[in-house]
file start.tsv (TSV, C-alpha atoms)
chain	number	residue	atom	x	y	z
B	1	MET	CA	21.14	16.27	147.57
B	2	GLY	CA	17.40	16.39	147.11
B	3	VAL	CA	16.81	17.60	150.67
B	4	VAL	CA	14.89	20.89	150.65
B	5	THR	CA	15.88	23.27	153.45
B	6	PRO	CA	15.11	26.98	153.87
B	7	PRO	CA	17.96	29.06	152.37
B	8	THR	CA	18.82	30.57	155.75
B	9	ASP	CA	19.59	27.14	157.22
B	10	ARG	CA	22.74	26.54	155.25
B	11	THR	CA	25.67	28.78	154.51
B	12	PRO	CA	28.19	28.12	151.71
B	13	LYS	CA	30.68	27.25	154.46
B	14	GLN	CA	28.37	24.59	155.89
B	15	ASP	CA	27.83	23.19	152.41
B	16	ARG	CA	31.58	22.91	151.88
B	17	SER	CA	32.01	21.22	155.25
B	18	ARG	CA	29.30	18.71	154.43
B	19	ALA	CA	30.82	17.98	151.03
B	20	THR	CA	34.24	17.45	152.64
B	21	ARG	CA	32.74	15.07	155.17
B	22	ARG	CA	31.07	13.06	152.42
B	23	ARG	CA	34.28	12.87	150.37
B	24	LEU	CA	36.14	11.56	153.44
B	25	LEU	CA	33.49	8.92	154.17
B	26	GLU	CA	33.44	7.66	150.59
B	27	ALA	CA	37.24	7.58	150.41
B	28	ALA	CA	37.33	5.68	153.72
B	29	VAL	CA	35.01	2.93	152.44
B	30	ALA	CA	36.95	2.57	149.19
B	31	CYS	CA	40.23	2.45	151.11
B	32	LEU	CA	38.99	-0.16	153.59
B	33	ALA	CA	37.62	-2.34	150.78
B	34	GLU	CA	40.89	-2.19	148.83
B	35	HIS	CA	43.59	-2.19	151.49
B	36	GLY	CA	41.98	-3.59	154.64
B	37	TRP	CA	42.14	-2.14	158.13
B	38	ALA	CA	45.93	-2.41	158.43
B	39	GLY	CA	46.41	-0.33	155.26
B	40	SER	CA	43.73	2.24	156.10
B	41	THR	CA	44.90	5.25	158.09
B	42	VAL	CA	43.40	8.72	158.37
B	43	SER	CA	46.32	10.12	156.32
B	44	VAL	CA	45.76	7.68	153.45
B	45	VAL	CA	42.04	8.50	153.37
B	46	ALA	CA	42.62	12.27	153.58
B	47	GLU	CA	45.02	12.11	150.65
B	48	ARG	CA	42.60	10.03	148.61
B	49	ALA	CA	39.79	12.50	149.35
B	50	GLY	CA	42.01	15.50	148.50
B	51	VAL	CA	41.56	16.90	152.03
B	52	SER	CA	44.27	18.00	154.48
B	53	ARG	CA	45.03	15.72	157.40
B	54	GLY	CA	44.02	18.55	159.78
B	55	ALA	CA	40.64	18.97	158.10
B	56	ALA	CA	40.08	15.20	158.26
B	57	GLN	CA	40.83	15.19	161.98
B	58	HIS	CA	38.50	18.13	162.50
B	59	HIS	CA	35.65	15.97	161.15
B	60	PHE	CA	36.81	12.67	162.69
B	61	PRO	CA	39.08	12.92	165.75
B	62	THR	CA	40.10	9.23	165.66
B	63	ARG	CA	40.63	6.50	163.07
B	64	GLU	CA	37.79	4.48	164.68
B	65	ASP	CA	35.44	7.49	164.33
B	66	LEU	CA	36.22	7.81	160.63
B	67	PHE	CA	35.83	4.18	159.65
B	68	THR	CA	32.73	3.30	161.67
B	69	ALA	CA	31.07	6.52	160.41
B	70	ALA	CA	32.07	5.59	156.85
B	71	VAL	CA	30.54	2.13	156.94
B	72	GLU	CA	27.41	3.51	158.59
B	73	TYR	CA	27.05	6.31	156.03
B	74	VAL	CA	27.35	3.98	153.06
B	75	ALA	CA	25.01	1.44	154.65
B	76	GLU	CA	22.40	4.18	155.09
B	77	GLU	CA	22.80	5.31	151.49
B	78	ARG	CA	22.26	1.72	150.36
B	79	SER	CA	19.23	1.24	152.59
B	80	ALA	CA	17.71	4.43	151.22
B	81	ALA	CA	18.33	3.28	147.64
B	82	LEU	CA	16.78	-0.11	148.43
B	83	ARG	CA	13.71	1.49	150.02
B	84	ALA	CA	13.29	3.70	146.96
B	85	LEU	CA	13.19	0.73	144.57
B	86	PRO	CA	9.86	0.34	142.79
B	87	VAL	CA	8.18	-2.65	144.43
B	88	GLN	CA	8.52	-5.61	142.11
B	89	GLY	CA	8.05	-9.34	142.49
B	90	ARG	CA	9.74	-11.19	145.32
B	91	ALA	CA	12.45	-12.64	143.04
B	92	ASP	CA	13.58	-9.08	142.21
B	93	VAL	CA	13.51	-8.11	145.88
B	94	VAL	CA	15.68	-11.12	146.80
B	95	ALA	CA	18.17	-10.20	144.05
B	96	ALA	CA	18.27	-6.56	145.25
B	97	LEU	CA	18.83	-7.66	148.88
B	98	VAL	CA	21.66	-9.98	147.85
B	99	ASP	CA	23.21	-7.13	145.85
B	100	LEU	CA	23.61	-5.22	149.16
B	101	TYR	CA	26.19	-7.83	150.14
B	102	THR	CA	28.37	-7.71	147.07
B	103	GLY	CA	30.55	-4.78	146.09
B	104	PRO	CA	32.64	-2.24	148.00
B	105	LEU	CA	30.31	-1.63	150.99
B	106	PHE	CA	30.28	-5.29	151.95
B	107	ARG	CA	34.03	-5.57	151.41
B	108	ALA	CA	34.62	-2.55	153.63
B	109	ALA	CA	32.23	-3.79	156.33
B	110	LEU	CA	33.88	-7.23	156.24
B	111	GLN	CA	37.34	-5.70	156.75
B	112	LEU	CA	35.96	-3.73	159.69
B	113	TRP	CA	34.26	-6.80	161.27
B	114	VAL	CA	37.37	-8.90	160.98
B	115	ALA	CA	39.60	-6.13	162.35
B	116	ALA	CA	37.14	-5.65	165.21
B	117	SER	CA	37.37	-9.34	166.11
B	118	ASN	CA	41.08	-8.79	166.94
B	119	GLU	CA	41.08	-5.19	168.16
B	120	ALA	CA	39.50	-4.41	171.50
B	121	GLN	CA	39.26	-0.70	170.71
B	122	LEU	CA	37.17	-1.26	167.60
B	123	ARG	CA	35.01	-4.13	168.78
B	124	PRO	CA	32.19	-2.50	170.80
B	125	ARG	CA	31.61	0.17	168.14
B	126	VAL	CA	31.52	-2.26	165.26
B	127	THR	CA	29.30	-4.69	167.18
B	128	GLU	CA	26.83	-1.90	167.88
B	129	LEU	CA	26.97	-0.69	164.26
B	130	GLU	CA	26.44	-4.19	162.89
B	131	ALA	CA	23.40	-4.74	165.14
B	132	ARG	CA	21.87	-1.42	164.05
B	133	VAL	CA	22.47	-1.98	160.32
B	134	GLY	CA	21.25	-5.58	160.65
B	135	ARG	CA	17.95	-4.55	162.28
B	136	GLU	CA	17.37	-1.90	159.63
B	137	THR	CA	18.09	-4.31	156.78
B	138	HIS	CA	15.72	-6.85	158.32
B	139	ARG	CA	12.96	-4.23	158.57
B	140	ILE	CA	13.40	-3.25	154.91
B	141	ALA	CA	13.47	-6.89	153.80
B	142	VAL	CA	10.21	-7.68	155.66
B	143	GLU	CA	8.53	-4.68	154.07
B	144	LEU	CA	9.73	-5.27	150.51
B	145	LEU	CA	8.93	-8.99	150.67
B	146	ALA	CA	5.49	-8.23	152.13
B	147	ALA	CA	6.28	-10.88	154.76
B	148	ASP	CA	3.77	-11.36	157.58
B	149	GLU	CA	5.91	-11.78	160.70
B	150	THR	CA	2.92	-12.67	162.85
B	151	LYS	CA	2.96	-16.11	161.15
B	152	PRO	CA	5.22	-18.69	162.83
B	153	GLY	CA	8.56	-19.16	161.08
B	154	VAL	CA	8.31	-16.08	158.86
B	155	ARG	CA	10.75	-14.02	160.91
B	156	GLU	CA	13.35	-16.82	160.80
B	157	THR	CA	12.74	-17.34	157.09
B	158	VAL	CA	13.63	-13.70	156.37
B	159	GLN	CA	16.62	-13.82	158.75
B	160	GLY	CA	17.95	-16.95	157.02
B	161	LEU	CA	17.62	-15.23	153.66
B	162	LEU	CA	19.78	-12.34	154.89
B	163	ASP	CA	22.30	-14.80	156.35
B	164	MET	CA	22.48	-16.45	152.94
B	165	ALA	CA	22.98	-13.05	151.30
B	166	ARG	CA	25.88	-12.41	153.69
B	167	GLY	CA	27.39	-15.81	152.86
B	168	LEU	CA	27.04	-15.10	149.14
B	169	GLY	CA	28.85	-11.81	149.71
B	170	LEU	CA	31.71	-13.66	151.37
B	171	ALA	CA	31.92	-16.12	148.48
B	172	ASN	CA	32.41	-13.13	146.14
B	173	VAL	CA	35.37	-11.63	148.00
B	174	LEU	CA	38.17	-13.59	146.32
B	175	THR	CA	36.56	-14.57	143.02
B	176	ASP	CA	33.77	-13.29	140.79
B	177	ASP	CA	30.94	-15.57	141.89
B	178	THR	CA	28.21	-13.82	139.85
B	179	ALA	CA	27.12	-16.72	137.62
B	180	ARG	CA	26.78	-19.25	140.46
B	181	ARG	CA	25.15	-16.63	142.70
B	182	ARG	CA	22.42	-15.91	140.12
B	183	ARG	CA	21.44	-19.57	139.99
B	184	VAL	CA	21.39	-19.93	143.80
B	185	VAL	CA	19.36	-16.73	144.19
B	186	ALA	CA	16.81	-17.83	141.56
B	187	GLN	CA	16.32	-21.18	143.29
B	188	TRP	CA	16.05	-19.75	146.81
B	189	ALA	CA	13.70	-17.00	145.68
B	190	ALA	CA	11.39	-19.78	144.49
B	191	LEU	CA	11.70	-21.62	147.84
B	192	LEU	CA	10.99	-18.35	149.65
B	193	GLU	CA	7.91	-17.71	147.55
B	194	ASP	CA	6.52	-21.09	148.68
B	195	ALA	CA	7.49	-20.43	152.30
B	196	LEU	CA	5.95	-16.95	152.50
B	197	GLY	CA	2.86	-17.94	150.52
E	1	MET	CA	45.55	-41.71	165.09
E	2	GLY	CA	43.50	-44.67	164.07
E	3	VAL	CA	45.38	-45.20	160.81
E	4	VAL	CA	46.90	-48.67	160.67
E	5	THR	CA	50.26	-48.81	158.89
E	6	PRO	CA	52.81	-51.61	158.84
E	7	PRO	CA	55.36	-51.09	161.62
E	8	THR	CA	58.26	-50.81	159.16
E	9	ASP	CA	56.68	-47.74	157.51
E	10	ARG	CA	57.25	-45.36	160.40
E	11	THR	CA	60.27	-44.77	162.56
E	12	PRO	CA	60.11	-42.98	165.92
E	13	LYS	CA	61.82	-40.02	164.20
E	14	GLN	CA	59.07	-39.84	161.57
E	15	ASP	CA	56.44	-40.04	164.30
E	16	ARG	CA	58.02	-37.13	166.12
E	17	SER	CA	58.24	-35.12	162.92
E	18	ARG	CA	54.58	-35.78	162.19
E	19	ALA	CA	53.56	-34.79	165.72
E	20	THR	CA	55.57	-31.55	165.44
E	21	ARG	CA	53.92	-30.75	162.13
E	22	ARG	CA	50.47	-31.27	163.63
E	23	ARG	CA	51.27	-29.12	166.66
E	24	LEU	CA	52.39	-26.32	164.33
E	25	LEU	CA	49.25	-26.56	162.20
E	26	GLU	CA	46.93	-26.50	165.20
E	27	ALA	CA	48.80	-23.58	166.76
E	28	ALA	CA	48.63	-21.71	163.43
E	29	VAL	CA	44.84	-22.03	163.22
E	30	ALA	CA	44.37	-20.92	166.82
E	31	CYS	CA	46.74	-17.98	166.28
E	32	LEU	CA	45.01	-16.86	163.08
E	33	ALA	CA	41.58	-17.08	164.71
E	34	GLU	CA	42.69	-15.03	167.73
E	35	HIS	CA	45.12	-12.48	166.31
E	36	GLY	CA	44.37	-12.25	162.59
E	37	TRP	CA	46.85	-12.39	159.74
E	38	ALA	CA	48.76	-9.27	160.83
E	39	GLY	CA	49.41	-10.78	164.27
E	40	SER	CA	50.28	-14.25	162.99
E	41	THR	CA	53.93	-14.86	162.18
E	42	VAL	CA	55.90	-18.09	162.00
E	43	SER	CA	57.73	-17.11	165.22
E	44	VAL	CA	54.52	-16.56	167.16
E	45	VAL	CA	53.15	-19.92	166.02
E	46	ALA	CA	56.42	-21.77	166.73
E	47	GLU	CA	56.47	-20.38	170.27
E	48	ARG	CA	52.84	-21.32	170.84
E	49	ALA	CA	53.53	-24.85	169.57
E	50	GLY	CA	56.66	-25.17	171.73
E	51	VAL	CA	58.81	-25.74	168.63
E	52	SER	CA	61.99	-23.88	167.60
E	53	ARG	CA	61.73	-21.36	164.78
E	54	GLY	CA	64.23	-23.42	162.77
E	55	ALA	CA	62.14	-26.58	163.13
E	56	ALA	CA	59.02	-24.64	162.08
E	57	GLN	CA	60.79	-23.38	158.97
E	58	HIS	CA	62.02	-26.88	158.18
E	59	HIS	CA	58.37	-27.97	157.94
E	60	PHE	CA	57.03	-24.76	156.37
E	61	PRO	CA	59.55	-22.62	154.48
E	62	THR	CA	57.22	-19.59	154.24
E	63	ARG	CA	54.47	-17.98	156.29
E	64	GLU	CA	52.03	-18.61	153.41
E	65	ASP	CA	52.93	-22.32	153.40
E	66	LEU	CA	52.25	-22.60	157.12
E	67	PHE	CA	48.88	-20.85	157.18
E	68	THR	CA	47.33	-22.31	154.04
E	69	ALA	CA	48.47	-25.78	155.16
E	70	ALA	CA	46.97	-25.11	158.60
E	71	VAL	CA	43.53	-24.13	157.30
E	72	GLU	CA	43.54	-27.07	154.91
E	73	TYR	CA	44.57	-29.52	157.63
E	74	VAL	CA	41.83	-28.44	160.00
E	75	ALA	CA	39.24	-28.35	157.21
E	76	GLU	CA	40.14	-31.95	156.35
E	77	GLU	CA	39.88	-33.02	159.99
E	78	ARG	CA	36.42	-31.43	160.16
E	79	SER	CA	35.27	-33.03	156.91
E	80	ALA	CA	36.41	-36.42	158.18
E	81	ALA	CA	34.52	-35.89	161.44
E	82	LEU	CA	31.41	-34.83	159.53
E	83	ARG	CA	31.61	-37.86	157.23
E	84	ALA	CA	31.94	-40.12	160.27
E	85	LEU	CA	28.71	-38.81	161.89
E	86	PRO	CA	26.00	-41.43	162.20
E	87	VAL	CA	23.42	-40.55	159.53
E	88	GLN	CA	20.51	-38.88	161.25
E	89	GLY	CA	17.54	-36.89	160.04
E	90	ARG	CA	18.09	-33.91	157.74
E	91	ALA	CA	17.57	-31.39	160.56
E	92	ASP	CA	20.58	-32.86	162.38
E	93	VAL	CA	22.63	-32.83	159.20
E	94	VAL	CA	21.82	-29.15	158.59
E	95	ALA	CA	22.82	-28.32	162.18
E	96	ALA	CA	26.10	-30.27	161.80
E	97	LEU	CA	26.88	-28.49	158.51
E	98	VAL	CA	26.24	-25.09	160.05
E	99	ASP	CA	28.51	-26.04	162.97
E	100	LEU	CA	31.38	-26.30	160.46
E	101	TYR	CA	31.12	-22.52	160.04
E	102	THR	CA	31.23	-21.50	163.66
E	103	GLY	CA	34.25	-21.86	165.89
E	104	PRO	CA	38.00	-21.46	165.43
E	105	LEU	CA	38.34	-23.06	161.97
E	106	PHE	CA	35.88	-20.64	160.39
E	107	ARG	CA	37.45	-17.71	162.22
E	108	ALA	CA	40.90	-18.71	160.98
E	109	ALA	CA	39.70	-19.28	157.41
E	110	LEU	CA	37.91	-15.90	157.47
E	111	GLN	CA	41.09	-14.11	158.57
E	112	LEU	CA	42.96	-15.85	155.77
E	113	TRP	CA	40.32	-14.94	153.12
E	114	VAL	CA	40.23	-11.33	154.15
E	115	ALA	CA	44.04	-11.08	154.24
E	116	ALA	CA	44.17	-12.73	150.79
E	117	SER	CA	41.80	-10.10	149.39
E	118	ASN	CA	44.48	-7.46	150.12
E	119	GLU	CA	47.69	-9.46	149.67
E	120	ALA	CA	48.69	-10.52	146.18
E	121	GLN	CA	51.12	-13.15	147.50
E	122	LEU	CA	48.43	-14.99	149.44
E	123	ARG	CA	45.53	-14.64	147.05
E	124	PRO	CA	46.04	-17.44	144.46
E	125	ARG	CA	46.80	-20.02	147.17
E	126	VAL	CA	43.81	-19.12	149.30
E	127	THR	CA	41.49	-18.95	146.28
E	128	GLU	CA	42.57	-22.43	145.23
E	129	LEU	CA	42.24	-23.73	148.80
E	130	GLU	CA	38.77	-22.24	149.22
E	131	ALA	CA	37.58	-23.80	145.94
E	132	ARG	CA	38.90	-27.22	146.98
E	133	VAL	CA	37.41	-27.11	150.49
E	134	GLY	CA	34.12	-25.76	149.05
E	135	ARG	CA	33.78	-28.62	146.54
E	136	GLU	CA	34.53	-31.19	149.22
E	137	THR	CA	32.00	-29.68	151.66
E	138	HIS	CA	29.36	-29.63	148.90
E	139	ARG	CA	30.03	-33.30	148.14
E	140	ILE	CA	29.66	-34.26	151.80
E	141	ALA	CA	26.47	-32.18	152.16
E	142	VAL	CA	24.83	-33.82	149.13
E	143	GLU	CA	25.66	-37.26	150.50
E	144	LEU	CA	24.53	-36.63	154.09
E	145	LEU	CA	21.31	-34.89	152.96
E	146	ALA	CA	20.60	-37.73	150.49
E	147	ALA	CA	19.98	-35.00	147.90
E	148	ASP	CA	19.33	-36.09	144.32
E	149	GLU	CA	21.29	-33.61	142.22
E	150	THR	CA	19.83	-34.95	138.97
E	151	LYS	CA	16.59	-33.12	139.91
E	152	PRO	CA	16.44	-29.48	138.74
E	153	GLY	CA	17.21	-26.97	141.47
E	154	VAL	CA	18.60	-29.46	143.99
E	155	ARG	CA	22.24	-28.52	143.38
E	156	GLU	CA	21.43	-24.81	143.94
E	157	THR	CA	19.35	-25.64	147.02
E	158	VAL	CA	22.34	-27.33	148.66
E	159	GLN	CA	24.70	-24.54	147.56
E	160	GLY	CA	22.37	-21.91	149.04
E	161	LEU	CA	22.26	-23.84	152.31
E	162	LEU	CA	26.07	-23.77	152.52
E	163	ASP	CA	26.05	-20.04	151.67
E	164	MET	CA	23.61	-19.51	154.53
E	165	ALA	CA	25.87	-21.53	156.84
E	166	ARG	CA	28.79	-19.26	155.86
E	167	GLY	CA	26.68	-16.16	156.54
E	168	LEU	CA	25.65	-17.57	159.92
E	169	GLY	CA	29.34	-18.11	160.68
E	170	LEU	CA	30.06	-14.48	159.88
E	171	ALA	CA	27.20	-13.34	162.14
E	172	ASN	CA	28.88	-15.24	164.99
E	173	VAL	CA	32.29	-13.56	164.70
E	174	LEU	CA	31.63	-10.52	166.90
E	175	THR	CA	28.83	-11.76	169.11
E	176	ASP	CA	27.50	-15.09	170.35
E	177	ASP	CA	24.67	-15.64	167.88
E	178	THR	CA	23.81	-19.18	169.05
E	179	ALA	CA	20.18	-18.64	170.12
E	180	ARG	CA	19.13	-16.81	166.94
E	181	ARG	CA	21.09	-19.24	164.78
E	182	ARG	CA	19.27	-22.27	166.27
E	183	ARG	CA	15.89	-20.80	165.35
E	184	VAL	CA	16.99	-19.91	161.80
E	185	VAL	CA	18.50	-23.36	161.29
E	186	ALA	CA	15.35	-25.11	162.55
E	187	GLN	CA	13.16	-23.10	160.19
E	188	TRP	CA	15.36	-23.55	157.12
E	189	ALA	CA	15.85	-27.26	157.83
E	190	ALA	CA	12.06	-27.56	157.56
E	191	LEU	CA	12.00	-25.57	154.30
E	192	LEU	CA	14.84	-27.74	152.96
E	193	GLU	CA	12.94	-30.92	153.86
E	194	ASP	CA	10.05	-29.70	151.68
E	195	ALA	CA	12.40	-28.65	148.88
E	196	LEU	CA	14.35	-31.92	148.75
E	197	GLY	CA	11.26	-34.07	149.14

call {"tool": "encode", "arguments": {"input": "start.tsv", "output": "structure tokens"}}
result
Amino acid sequence: MGVVTPPTDRTPKQDRSRATRRRLLEAAVACLAEHGWAGSTVSVVAERAGVSRGAAQHHFPTREDLFTAAVEYVAEERSAALRALPVQGRADVVAALVDLYTGPLFRAALQLWVAASNEAQLRPRVTELEARVGRETHRIAVELLAADETKPGVRETVQGLLDMARGLGLANVLTDDTARRRRVVAQWAALLEDALG
Amino acid sequence: MGVVTPPTDRTPKQDRSRATRRRLLEAAVACLAEHGWAGSTVSVVAERAGVSRGAAQHHFPTREDLFTAAVEYVAEERSAALRALPVQGRADVVAALVDLYTGPLFRAALQLWVAASNEAQLRPRVTELEARVGRETHRIAVELLAADETKPGVRETVQGLLDMARGLGLANVLTDDTARRRRVVAQWAALLEDALG
């Protein structure tokens, strides 16, 4: 999609394989968001993606492989979309950052975090994934907000904003919190504007 | 504990029943925090509390009754402890509020929220519980911070602070985030001081 490669680099077979992989990853995120870790098996995802169980296991040997890859893939897609946003005012950037934490990706990631807190097999992989995605999100936030991290307190200001975004995501899991969230985001965007100067 | 009632109001039998109930609730929170919803049954909790399964079911007819009551009980204990804190500066209040979202109660509540997002039977009860606990926490925060909610933006400022506290709690689920959290809290306590005036 949009990546230009010389024609000799990719065969129709490779294209099909890549498309299958993407269908599996997207089905895995949707499945995790809807049914949680306990209800998300490789078979359920394969069926949802319209792929045989054997083909799914060819791409992802274990359940842990599939679900950590899925959350990482979607997180990268989101980061790319965020980076591609036309640079607007800080209030719009704050709203776009908070949007990263509502919707199916956050729900899926949350299910994975919570499962990892109880499952030793999942924990190191999810911890590592969360750290990587967190660093990348922080980097994007600093850039889009034009925040100068050499000034004291600026780094922690941006971190706190992302913590708030995560908390707002959690508040949206059981109920539609959109109206309240808009008011909170508007107010904290104003506070942030003062803090970043 | 500390509640003075006329001697005729309580019999030794009632005292024992109350103590059993409390043991069950505390065991339920610990169990939920450690093993998640899938690993938390009435039998497991009864065994942990040293109570027979029949006695547990006498107090809590269903699994949903036991776990929602447990999260509510511990949330109330925490609110009472928070309200009893000697009133200090706002930085201390912010730190105490954030502390509500780390530790076993938050872990247990998180497990319950996430389970409720996938289980129709649990969802309405947990949604109602979360709304009630959220309103109460907001009320306590406004009081301890001496925030004047008649001023525009103050209500949303306090709400955003509690959202950040929830996000900081989530960041602490897989790893010990204490050092980073302290710096973020110190910085945002300073921003809040400016915002609340």

call {"tool": "closest_atom_pairs", "arguments": {"input": "start.tsv", "of": "chain B", "to": "chain E", "cutoff": "8 Å", "atoms": "all atoms listed in the file", "output": "JSON lines"}}
result
{"residue": "B:Glu34", "atom": "CA", "partner": "E:Asn118", "partner_atom": "CA", "distance": 6.5}
{"residue": "B:His35", "atom": "CA", "partner": "E:Asn118", "partner_atom": "CA", "distance": 5.5}
{"residue": "B:Gly36", "atom": "CA", "partner": "E:Asn118", "partner_atom": "CA", "distance": 6.5}
{"residue": "B:Ala38", "atom": "CA", "partner": "E:Ala38", "partner_atom": "CA", "distance": 7.8}
{"residue": "B:Leu110", "atom": "CA", "partner": "E:Val114", "partner_atom": "CA", "distance": 7.8}
{"residue": "B:Gln111", "atom": "CA", "partner": "E:Val114", "partner_atom": "CA", "distance": 6.8}
{"residue": "B:Trp113", "atom": "CA", "partner": "E:Leu174", "partner_atom": "CA", "distance": 7.2}
{"residue": "B:Val114", "atom": "CA", "partner": "E:Gln111", "partner_atom": "CA", "distance": 6.8}
{"residue": "B:Ala115", "atom": "CA", "partner": "E:Gly36", "partner_atom": "CA", "distance": 7.8}
{"residue": "B:Ala116", "atom": "CA", "partner": "E:Leu174", "partner_atom": "CA", "distance": 7.5}
{"residue": "B:Ser117", "atom": "CA", "partner": "E:Leu174", "partner_atom": "CA", "distance": 5.9}
{"residue": "B:Asn118", "atom": "CA", "partner": "E:His35", "partner_atom": "CA", "distance": 5.5}
{"residue": "B:Arg123", "atom": "CA", "partner": "E:Leu174", "partner_atom": "CA", "distance": 7.5}
{"residue": "B:Thr127", "atom": "CA", "partner": "E:Leu174", "partner_atom": "CA", "distance": 6.3}
{"residue": "B:Gly153", "atom": "CA", "partner": "E:Gln187", "partner_atom": "CA", "distance": 6.1}
{"residue": "B:Glu156", "atom": "CA", "partner": "E:Val184", "partner_atom": "CA", "distance": 4.9}
{"residue": "B:Thr157", "atom": "CA", "partner": "E:Gln187", "partner_atom": "CA", "distance": 6.6}
{"residue": "B:Gln159", "atom": "CA", "partner": "E:Val184", "partner_atom": "CA", "distance": 6.8}
{"residue": "B:Gly160", "atom": "CA", "partner": "E:Val184", "partner_atom": "CA", "distance": 5.7}
{"residue": "B:Leu161", "atom": "CA", "partner": "E:Met164", "partner_atom": "CA", "distance": 7.4}
{"residue": "B:Asp163", "atom": "CA", "partner": "E:Gly167", "partner_atom": "CA", "distance": 4.6}
{"residue": "B:Met164", "atom": "CA", "partner": "E:Met164", "partner_atom": "CA", "distance": 3.6}
{"residue": "B:Ala165", "atom": "CA", "partner": "E:Gly167", "partner_atom": "CA", "distance": 7.1}
{"residue": "B:Arg166", "atom": "CA", "partner": "E:Gly167", "partner_atom": "CA", "distance": 4.8}
{"residue": "B:Gly167", "atom": "CA", "partner": "E:Gly167", "partner_atom": "CA", "distance": 3.8}
{"residue": "B:Leu168", "atom": "CA", "partner": "E:Asp163", "partner_atom": "CA", "distance": 5.6}
{"residue": "B:Leu170", "atom": "CA", "partner": "E:Gly167", "partner_atom": "CA", "distance": 7.6}
{"residue": "B:Ala171", "atom": "CA", "partner": "E:Asp163", "partner_atom": "CA", "distance": 7.7}
{"residue": "B:Val173", "atom": "CA", "partner": "E:Ser117", "partner_atom": "CA", "distance": 6.8}
{"residue": "B:Leu174", "atom": "CA", "partner": "E:Ser117", "partner_atom": "CA", "distance": 5.9}
{"residue": "B:Thr175", "atom": "CA", "partner": "E:Thr127", "partner_atom": "CA", "distance": 7.4}
{"residue": "B:Arg183", "atom": "CA", "partner": "E:Glu156", "partner_atom": "CA", "distance": 6.6}
{"residue": "B:Val184", "atom": "CA", "partner": "E:Glu156", "partner_atom": "CA", "distance": 4.9}
{"residue": "B:Val185", "atom": "CA", "partner": "E:Gly160", "partner_atom": "CA", "distance": 7.7}
{"residue": "B:Gln187", "atom": "CA", "partner": "E:Gly153", "partner_atom": "CA", "distance": 6.1}
{"residue": "B:Trp188", "atom": "CA", "partner": "E:Thr157", "partner_atom": "CA", "distance": 6.8}
{"residue": "B:Leu191", "atom": "CA", "partner": "E:Ala195", "partner_atom": "CA", "distance": 7.1}
{"residue": "B:Ala195", "atom": "CA", "partner": "E:Leu191", "partner_atom": "CA", "distance": 7.1}

call {"tool": "atom_distance", "arguments": {"input": "start.tsv", "atom1": "CA of Tyr73 in chain B", "atom2": "CA of Leu25 in chain B"}}
result
7.2 Å

call {"tool": "residues_around", "arguments": {"input": "start.tsv", "residues": "range 57-69 of chain B", "least_positions_apart": "5", "cutoff": "7 Å", "atoms": "all atoms listed in the file", "output": "list of chain:residue names"}}
result
B:Arg21, B:Ala28, B:Thr41, B:Val42, B:Leu122, B:Val126

call {"tool": "atom_distance", "arguments": {"input": "start.tsv", "atom1": "CA of Glu77 in chain E", "atom2": "CA of Gly50 in chain E"}}
result
21.9 Å

call {"tool": "residues_near_point", "arguments": {"input": "start.tsv", "point": "(39.5, 17.8, 153.0)", "cutoff": "9 Å", "atoms": "all atoms listed in the file", "output": "PyMOL selection string"}}
result
chain B and resi 17+19-21+23-24+46-47+49-56

call {"tool": "closest_residue", "arguments": {"input": "start.tsv", "among": "B:Val74, B:Ala146, B:Ala95, B:Ala179", "to": "Ala108 in chain B", "atoms": "all atoms listed in the file"}}
result
B:Val74

call {"tool": "closest_residue", "arguments": {"input": "start.tsv", "among": "E:Val142, E:Leu129, E:Ala27, E:Leu85", "to": "Ser43 in chain E", "atoms": "only C-alpha atoms"}}
result
E:Ala27

call {"tool": "closest_residue", "arguments": {"input": "start.tsv", "among": "E:Ala141, E:Leu105, E:Ala30, E:Leu97", "to": "Val44 in chain E", "atoms": "only C-alpha atoms"}}
result
E:Ala30

call {"tool": "closest_residue", "arguments": {"input": "start.tsv", "among": "B:Ala91, B:Leu112, B:Val29, B:Glu149", "to": "Ala70 in chain B", "atoms": "all atoms listed in the file"}}
result
B:Val29

call {"tool": "atom_distance", "arguments": {"input": "start.tsv", "atom1": "CA of Glu193 in chain E", "atom2": "CA of Asp177 in chain B"}}
result
26.5 Å

call {"tool": "closest_residue", "arguments": {"input": "start.tsv", "among": "B:Ala109, B:Arg132, B:Leu145, B:Thr150", "to": "Asp92 in chain B", "atoms": "all atoms listed in the file"}}
result
B:Leu145

call {"tool": "decode", "arguments": {"input": "start.tsv", "residues": "range 134-138 of chain B", "atoms": "N, CA and C atoms", "output": "PDB file, in the first residue's frame"}}
result
ATOM      1  N   GLY B 134       5.170   2.794  23.778  1.00  0.00           N
ATOM      2  CA  GLY B 134       5.134   3.983  24.627  1.00  0.00           C
ATOM      3  C   GLY B 134       6.208   5.004  24.250  1.00  0.00           C
ATOM      4  N   ARG B 135       7.434   4.501  24.022  1.00  0.00           N
ATOM      5  CA  ARG B 135       8.531   5.411  23.626  1.00  0.00           C
ATOM      6  C   ARG B 135       8.210   6.087  22.302  1.00  0.00           C
ATOM      7  N   GLU B 136       7.695   5.305  21.357  1.00  0.00           N
ATOM      8  CA  GLU B 136       7.387   5.835  20.026  1.00  0.00           C
ATOM      9  C   GLU B 136       6.266   6.889  20.111  1.00  0.00           C
ATOM     10  N   THR B 137       5.264   6.606  20.900  1.00  0.00           N
ATOM     11  CA  THR B 137       4.163   7.567  21.050  1.00  0.00           C
ATOM     12  C   THR B 137       4.674   8.852  21.689  1.00  0.00           C
ATOM     13  N   HIS B 138       5.548   8.715  22.684  1.00  0.00           N
ATOM     14  CA  HIS B 138       6.120   9.894  23.329  1.00  0.00           C
ATOM     15  C   HIS B 138       6.895  10.748  22.310  1.00  0.00           C
TER      16      HIS B 138
END
